[in-house]
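Below is input17.cif, which holds mmCIF, C-alpha atoms.
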data_structure
loop_
_atom_site.label_atom_id
_atom_site.label_comp_id
_atom_site.auth_asym_id
_atom_site.auth_seq_id
_atom_site.Cartn_x
_atom_site.Cartn_y
_atom_site.Cartn_z
CA MET B 260 214.51 237.38 77.46
CA THR B 261 214.32 240.51 79.54
CA THR B 262 217.22 241.28 81.82
CA ILE B 263 216.42 242.25 85.38
CA ILE B 264 218.48 245.38 85.97
CA ASN B 265 217.38 246.66 89.38
CA LYS B 266 215.41 245.39 92.31
CA ALA B 267 212.30 247.52 92.72
CA SER B 268 210.33 247.33 95.93
CA LEU B 269 207.36 245.71 94.13
CA ARG B 270 209.68 243.11 92.59
CA GLN B 271 211.24 242.33 95.97
CA GLN B 272 207.80 241.93 97.55
CA GLU B 273 206.59 239.59 94.79
CA GLU B 274 209.73 237.47 94.88
CA ALA B 275 209.60 237.19 98.68
CA ALA B 276 205.87 236.34 98.71
CA SER B 277 206.32 233.62 96.08
CA GLY B 278 209.50 232.10 97.45
CA GLY B 279 211.34 233.23 94.32
CA GLN B 280 208.89 231.61 91.89
CA ARG B 281 207.51 234.91 90.58
CA THR B 282 209.00 238.30 89.78
CA VAL B 283 208.00 241.64 88.32
CA LEU B 284 209.45 242.80 85.01
CA TYR B 285 208.85 246.22 83.52
CA THR B 286 207.76 247.14 80.00
CA ALA B 287 209.35 249.82 77.83
CA LYS B 288 206.81 252.28 79.26
CA GLY B 289 207.57 251.18 82.83
CA GLN B 290 204.41 249.15 83.43
CA ALA B 291 204.76 246.31 85.94
CA CYS B 292 204.19 242.76 84.67
CA PHE B 293 203.84 239.91 87.16
CA MET B 294 205.68 236.89 85.79
CA ASN B 295 206.18 233.24 86.77
CA ILE B 296 209.79 232.09 86.57
CA ILE B 297 210.01 228.71 84.83
CA GLU B 298 213.42 227.09 85.30
CA LYS B 299 215.07 225.19 82.45
CA PHE B 300 214.66 221.43 82.59
CA ASP B 301 215.99 218.42 80.75
CA MET B 302 213.40 216.33 78.93
CA SER B 303 214.70 213.19 80.70
CA THR B 304 213.12 214.48 83.92
CA ILE B 305 209.73 214.01 82.24
CA ASP B 306 210.43 210.75 80.44
CA PRO B 307 213.72 208.81 80.75
CA SER B 308 213.61 207.95 77.04
CA TRP B 309 213.81 211.66 76.14
CA SER B 310 216.88 213.85 76.39
CA GLY B 311 218.05 217.41 76.01
CA THR B 312 216.83 220.78 77.12
CA HIS B 313 213.16 221.44 76.44
CA PRO B 314 212.84 223.57 73.25
CA ALA B 315 211.07 226.39 75.17
CA PHE B 316 214.45 227.26 76.68
CA ILE B 317 216.31 227.50 73.37
CA ILE B 318 215.71 230.95 71.96
CA GLY B 319 217.39 231.95 68.73
CA GLY B 320 219.78 229.02 69.14
CA VAL B 321 220.83 230.16 72.63
CA GLU B 322 219.96 228.06 75.68
CA LYS B 323 218.37 230.08 78.49
CA SER B 324 218.32 229.14 82.18
CA GLN B 325 214.71 230.27 82.59
CA ILE B 326 211.72 231.76 80.86
CA TYR B 327 209.12 234.17 82.18
CA VAL B 328 205.41 233.49 81.74
CA GLY B 329 202.72 235.97 82.72
CA THR B 330 201.03 235.15 86.01
CA TYR B 331 197.78 236.71 84.83
CA GLN B 332 196.03 236.68 81.47
CA GLY B 333 197.21 239.48 79.20
CA ALA B 334 195.51 242.84 79.28
CA ILE B 335 196.29 245.72 76.95
CA SER B 336 197.21 248.85 78.86
CA ASP B 337 198.65 251.99 77.25
CA GLY B 338 199.37 250.04 74.06
CA GLU B 339 201.31 247.25 75.78
CA LEU B 340 200.33 243.70 76.75
CA ILE B 341 200.74 243.34 80.50
CA SER B 342 200.19 240.68 83.16
CA ALA B 343 198.72 242.30 86.26
CA PRO B 344 196.13 241.40 88.89
CA TYR B 345 192.57 242.74 88.83
CA LEU B 346 192.54 243.56 85.12
CA ALA B 347 190.08 242.03 82.69
CA PRO B 348 191.99 240.10 80.02
CA SER B 349 191.94 241.57 76.54
CA ALA B 350 189.79 239.48 74.24
CA LEU B 351 191.47 240.13 70.92
CA GLY B 352 191.42 236.46 69.99
CA VAL B 353 194.07 236.76 67.29
CA TYR B 354 197.51 235.51 68.28
CA ALA B 355 199.29 237.81 65.82
CA THR B 356 197.63 240.88 67.37
CA LEU B 357 198.57 239.82 70.90
CA HIS B 358 202.10 238.95 69.81
CA ASN B 359 202.59 242.28 68.03
CA THR B 360 201.22 244.19 71.02
CA ALA B 361 203.51 242.26 73.40
CA ARG B 362 206.52 243.13 71.22
CA LEU B 363 205.78 246.81 71.93
CA ASN B 364 206.73 246.07 75.56
CA GLY B 365 210.39 245.97 74.52
CA ALA B 366 213.09 243.52 73.48
CA GLY B 367 212.36 239.88 74.34
CA TRP B 368 208.65 240.31 75.05
CA HIS B 369 206.20 238.08 73.17
CA ALA B 370 202.91 236.27 73.51
CA MET B 371 203.28 232.73 74.82
CA THR B 372 204.63 230.25 72.29
CA GLY B 373 203.51 226.68 71.67
CA ALA B 374 206.81 225.45 73.10
CA GLU B 375 206.20 227.39 76.32
CA TRP B 376 202.67 225.96 76.63
CA ALA B 377 204.09 222.47 76.09
CA ALA B 378 206.81 222.97 78.72
CA ILE B 379 204.26 223.99 81.34
CA ALA B 380 201.94 221.13 80.42
CA LEU B 381 204.79 218.63 80.75
CA LEU B 382 205.85 220.06 84.11
CA ALA B 383 202.26 219.74 85.38
CA LEU B 384 202.02 216.19 84.05
CA ASN B 385 205.32 215.30 85.71
CA LYS B 386 204.04 216.57 89.07
CA GLY B 387 200.77 214.70 88.69
CA ALA B 388 198.89 217.99 88.58
CA LEU B 389 195.79 218.73 86.61
CA PRO B 390 195.79 222.51 86.26
CA ARG B 391 192.41 224.04 86.88
CA GLY B 392 191.68 227.59 86.02
CA ASN B 393 189.03 230.20 85.72
CA THR B 394 186.60 228.21 83.62
CA ASN B 395 183.37 229.28 85.32
CA TYR B 396 183.22 233.01 86.11
CA GLY B 397 186.01 233.19 88.66
CA GLN B 398 186.16 229.56 89.70
CA SER B 399 186.95 226.13 88.34
CA ALA B 400 184.05 224.38 86.63
CA GLU B 401 185.54 221.06 87.79
CA ASN B 402 186.05 221.98 91.45
CA SER B 403 184.10 224.92 92.89
CA ALA B 404 186.47 225.07 95.88
CA TYR B 405 189.02 226.69 93.53
CA LYS B 406 187.99 230.33 93.44
CA GLY B 407 189.64 233.61 92.64
CA ALA B 408 188.81 237.28 92.73
CA ARG B 409 186.75 238.43 89.76
CA VAL B 410 187.63 241.74 88.10
CA ASP B 411 183.97 242.81 88.20
CA GLY B 412 183.91 242.41 92.00
CA ILE B 413 181.15 239.78 91.99
CA ALA B 414 181.91 236.84 94.31
CA PRO B 415 182.51 233.58 92.41
#
Any chance you could put this one into C-alpha cells?
Amino acid sequence: MTTIINKASLRQQEEAASGGQRTVLYTAKGQACFMNIIEKFDMSTIDPSWSGTHPAFIIGGVEKSQIYVGTYQGAISDGELISAPYLAPSALGVYATLHNTARLNGAGWHAMTGAEWAAIALLALNKGALPRGNTNYGQSAENSAYKGARVDGIAP
C-alpha cells in the first residue's frame, strides 16, 4: 500500500471532514486521489464460525492494518487512474486495462480486487446496510431520495 509521507492541506481537510474515514493519496505525477480508509477486521466479527484476518488485508503474505479504496469511480487523467469528485468515470470496461493504468500511479496502486469487493460487501452486510449507488443518472433507482451531483451538471 501507499505510505502517507506528509500531511497536505487537502489531505487534512478531507480527513477532518470525514472524521478520519477518508484521506487523500497522491499518484506518481502528484495527482490527488480521494480514498476511503478500510480498517482491517477479523472474519469472526462477520460470522462467529469464521476466523482470521479477511484476505483483502493480506498483501503479498504481509498483513496490513488498512486498505485504501477510491471514494469515486476511477477516471483516467494524465495517464493515471484517479479517484476524484466531479470527473466522469472512464468506461474502459476491461479490468486488465484499468489495473495496468492504476499501476502507473506508483508502487502499491491497483484496480480494486475481488477480495476488496468482498470485504466491503461483508462489512455492509454486517452493518445491515444495503449499499445504493448511482444506478439511475445520479440517483439510486431503488430510492430516489439518494441523489448526488452529476458530472454533466444536470440535476438528478
Could you write out as a PDB file with C-alpha atoms, keeping the file's coordinate frame the residues that the PyMOL selection byres ((chain B and resi 364) around 7) matches in the shown file?
ATOM      1  CA  THR B 286     207.760 247.140  80.000  1.00  0.00           C
ATOM      2  CA  ALA B 287     209.350 249.820  77.830  1.00  0.00           C
ATOM      3  CA  GLU B 339     201.310 247.250  75.780  1.00  0.00           C
ATOM      4  CA  LEU B 340     200.330 243.700  76.750  1.00  0.00           C
ATOM      5  CA  ALA B 361     203.510 242.260  73.400  1.00  0.00           C
ATOM      6  CA  ARG B 362     206.520 243.130  71.220  1.00  0.00           C
ATOM      7  CA  LEU B 363     205.780 246.810  71.930  1.00  0.00           C
ATOM      8  CA  GLY B 365     210.390 245.970  74.520  1.00  0.00           C
ATOM      9  CA  TRP B 368     208.650 240.310  75.050  1.00  0.00           C
TER      10      TRP B 368
END
(request) List, as a list in words, every residue that the PyMOL selection byres ((chain B and resi 394-396) around 12) selects in the file provided. (result) Ala347, Pro390, Arg391, Gly392, Asn393, Gly397, Gln398, Ser399, Ala400, Glu401, Asn402, Ser403, Ala404, Tyr405, Lys406, Gly407, Ala408, Arg409, Val410, Asp411, Gly412, Ile413, Ala414 and Pro415 of chain B
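Using only C-alpha atoms for every distance, the candidate list B:Gly333, B:His369, B:His313, B:Ile318 yields B:His313 as the residue closest to B:Leu381.
Here atom CA of B:Tyr285 and atom CA of B:Thr330 stand 13.8 Å from one another.
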(request) Name all residues at most 10 Å from B:Arg281 (count all atoms listed in the file; drop same-chain ones fewer than 5 positions away) and give them as a PyMOL selection string. (result) chain B and resi 270-276+293-297+327-330
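We find atom CA of B:Thr282 and atom CA of B:Ala370 to be spaced 17.5 Å apart.
In terms of minimum interatomic distance to B:Asp337, B:Thr360 ranks closest within B:Thr360, B:Leu382, B:Leu284, B:Pro314, counting only C-alpha atoms.
Going from atom CA of B:Gly387 over to atom CA of B:Phe300, you cover 16.6 Å.
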(request) Could you check which of B:Ala378, B:Gly278, B:Asn385, B:Ile341 is closest to B:Pro307, using only C-alpha atoms? (result) B:Asn385
Expansion of the PyMOL selection byres ((chain B and resi 312) around 8) into residues, as an mmCIF file with C-alpha atoms, keeping the file's coordinate frame:
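Result written to result07.cif:
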data_model
loop_
_atom_site.group_PDB
_atom_site.id
_atom_site.type_symbol
_atom_site.label_atom_id
_atom_site.label_comp_id
_atom_site.auth_asym_id
_atom_site.auth_seq_id
_atom_site.Cartn_x
_atom_site.Cartn_y
_atom_site.Cartn_z
ATOM 1 C CA LYS B 299 215.070 225.190 82.450
ATOM 2 C CA PHE B 300 214.660 221.430 82.590
ATOM 3 C CA ASP B 301 215.990 218.420 80.750
ATOM 4 C CA MET B 302 213.400 216.330 78.930
ATOM 5 C CA SER B 310 216.880 213.850 76.390
ATOM 6 C CA GLY B 311 218.050 217.410 76.010
ATOM 7 C CA HIS B 313 213.160 221.440 76.440
ATOM 8 C CA PRO B 314 212.840 223.570 73.250
ATOM 9 C CA PHE B 316 214.450 227.260 76.680
ATOM 10 C CA ILE B 317 216.310 227.500 73.370
#
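Residue nearest B:Ala350 within the list B:Gln332, B:Gly338, B:Gly289, B:Ser324: B:Gln332 [criterion: smallest interatomic distance, all atoms listed in the file].
The closest residue to B:Thr372, picked from B:Ala315, B:Ile305, B:Ser336, B:Gly279 and counting all atoms listed in the file, is B:Ala315.
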With the input short on atoms, add N, CA and C atoms back to stretch 372-403 of chain B and write it as a tab-separated table (two decimals), in the frame of the given file.
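After the write, selection10.tsv holds the following:
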chain	number	residue	atom	x	y	z
B	372	THR	N	204.44	231.12	73.45
B	372	THR	CA	204.63	230.25	72.29
B	372	THR	C	204.08	228.86	72.57
B	373	GLY	N	203.93	228.08	71.51
B	373	GLY	CA	203.51	226.68	71.67
B	373	GLY	C	204.50	225.89	72.49
B	374	ALA	N	205.79	226.15	72.32
B	374	ALA	CA	206.81	225.45	73.10
B	374	ALA	C	206.69	225.76	74.58
B	375	GLU	N	206.37	227.02	74.91
B	375	GLU	CA	206.20	227.39	76.32
B	375	GLU	C	204.97	226.72	76.92
B	376	TRP	N	203.87	226.67	76.16
B	376	TRP	CA	202.67	225.96	76.63
B	376	TRP	C	203.01	224.50	76.89
B	377	ALA	N	203.73	223.89	75.96
B	377	ALA	CA	204.09	222.47	76.09
B	377	ALA	C	204.97	222.24	77.31
B	378	ALA	N	205.92	223.12	77.56
B	378	ALA	CA	206.81	222.97	78.72
B	378	ALA	C	206.00	222.98	80.02
B	379	ILE	N	205.08	223.90	80.13
B	379	ILE	CA	204.26	223.99	81.34
B	379	ILE	C	203.36	222.78	81.48
B	380	ALA	N	202.78	222.33	80.38
B	380	ALA	CA	201.94	221.13	80.42
B	380	ALA	C	202.75	219.91	80.86
B	381	LEU	N	203.95	219.77	80.35
B	381	LEU	CA	204.79	218.63	80.75
B	381	LEU	C	205.20	218.71	82.22
B	382	LEU	N	205.50	219.91	82.69
B	382	LEU	CA	205.85	220.06	84.11
B	382	LEU	C	204.66	219.69	84.99
B	383	ALA	N	203.47	220.09	84.61
B	383	ALA	CA	202.26	219.74	85.38
B	383	ALA	C	202.05	218.24	85.36
B	384	LEU	N	202.18	217.64	84.19
B	384	LEU	CA	202.02	216.19	84.05
B	384	LEU	C	203.03	215.46	84.93
B	385	ASN	N	204.25	215.93	84.92
B	385	ASN	CA	205.32	215.30	85.71
B	385	ASN	C	205.04	215.36	87.21
B	386	LYS	N	204.37	216.41	87.64
B	386	LYS	CA	204.04	216.57	89.07
B	386	LYS	C	202.70	215.95	89.42
B	387	GLY	N	202.06	215.32	88.44
B	387	GLY	CA	200.77	214.70	88.69
B	387	GLY	C	199.66	215.72	88.89
B	388	ALA	N	199.87	216.92	88.38
B	388	ALA	CA	198.89	217.99	88.58
B	388	ALA	C	197.97	218.09	87.38
B	389	LEU	N	196.75	218.42	87.65
B	389	LEU	CA	195.79	218.73	86.61
B	389	LEU	C	195.43	220.20	86.82
B	390	PRO	N	196.06	221.08	86.05
B	390	PRO	CA	195.79	222.51	86.26
B	390	PRO	C	194.32	222.83	86.06
B	391	ARG	N	193.78	223.56	86.98
B	391	ARG	CA	192.41	224.04	86.88
B	391	ARG	C	192.47	225.54	86.87
B	392	GLY	N	191.63	226.14	86.11
B	392	GLY	CA	191.68	227.59	86.02
B	392	GLY	C	190.32	228.20	86.10
B	393	ASN	N	190.26	229.44	85.71
B	393	ASN	CA	189.03	230.20	85.72
B	393	ASN	C	188.20	229.78	84.51
B	394	THR	N	187.43	228.73	84.71
B	394	THR	CA	186.60	228.21	83.62
B	394	THR	C	185.12	228.41	83.88
B	395	ASN	N	184.78	229.06	85.00
B	395	ASN	CA	183.37	229.28	85.32
B	395	ASN	C	183.22	230.56	86.13
B	396	TYR	N	183.43	231.71	85.49
B	396	TYR	CA	183.22	233.01	86.11
B	396	TYR	C	183.92	233.16	87.46
B	397	GLY	N	185.23	232.97	87.46
B	397	GLY	CA	186.01	233.19	88.66
B	397	GLY	C	186.31	231.94	89.47
B	398	GLN	N	185.87	230.81	89.00
B	398	GLN	CA	186.16	229.56	89.70
B	398	GLN	C	186.34	228.43	88.69
B	399	SER	N	186.79	227.30	89.20
B	399	SER	CA	186.95	226.13	88.34
B	399	SER	C	185.60	225.45	88.15
B	400	ALA	N	185.29	225.11	86.91
B	400	ALA	CA	184.05	224.38	86.63
B	400	ALA	C	184.13	222.96	87.18
B	401	GLU	N	185.35	222.43	87.32
B	401	GLU	CA	185.54	221.06	87.79
B	401	GLU	C	185.54	220.96	89.31
B	402	ASN	N	185.97	222.02	89.99
B	402	ASN	CA	186.05	221.98	91.45
B	402	ASN	C	185.74	223.38	91.97
B	403	SER	N	184.54	223.59	92.47
B	403	SER	CA	184.10	224.92	92.89
B	403	SER	C	184.84	225.44	94.12
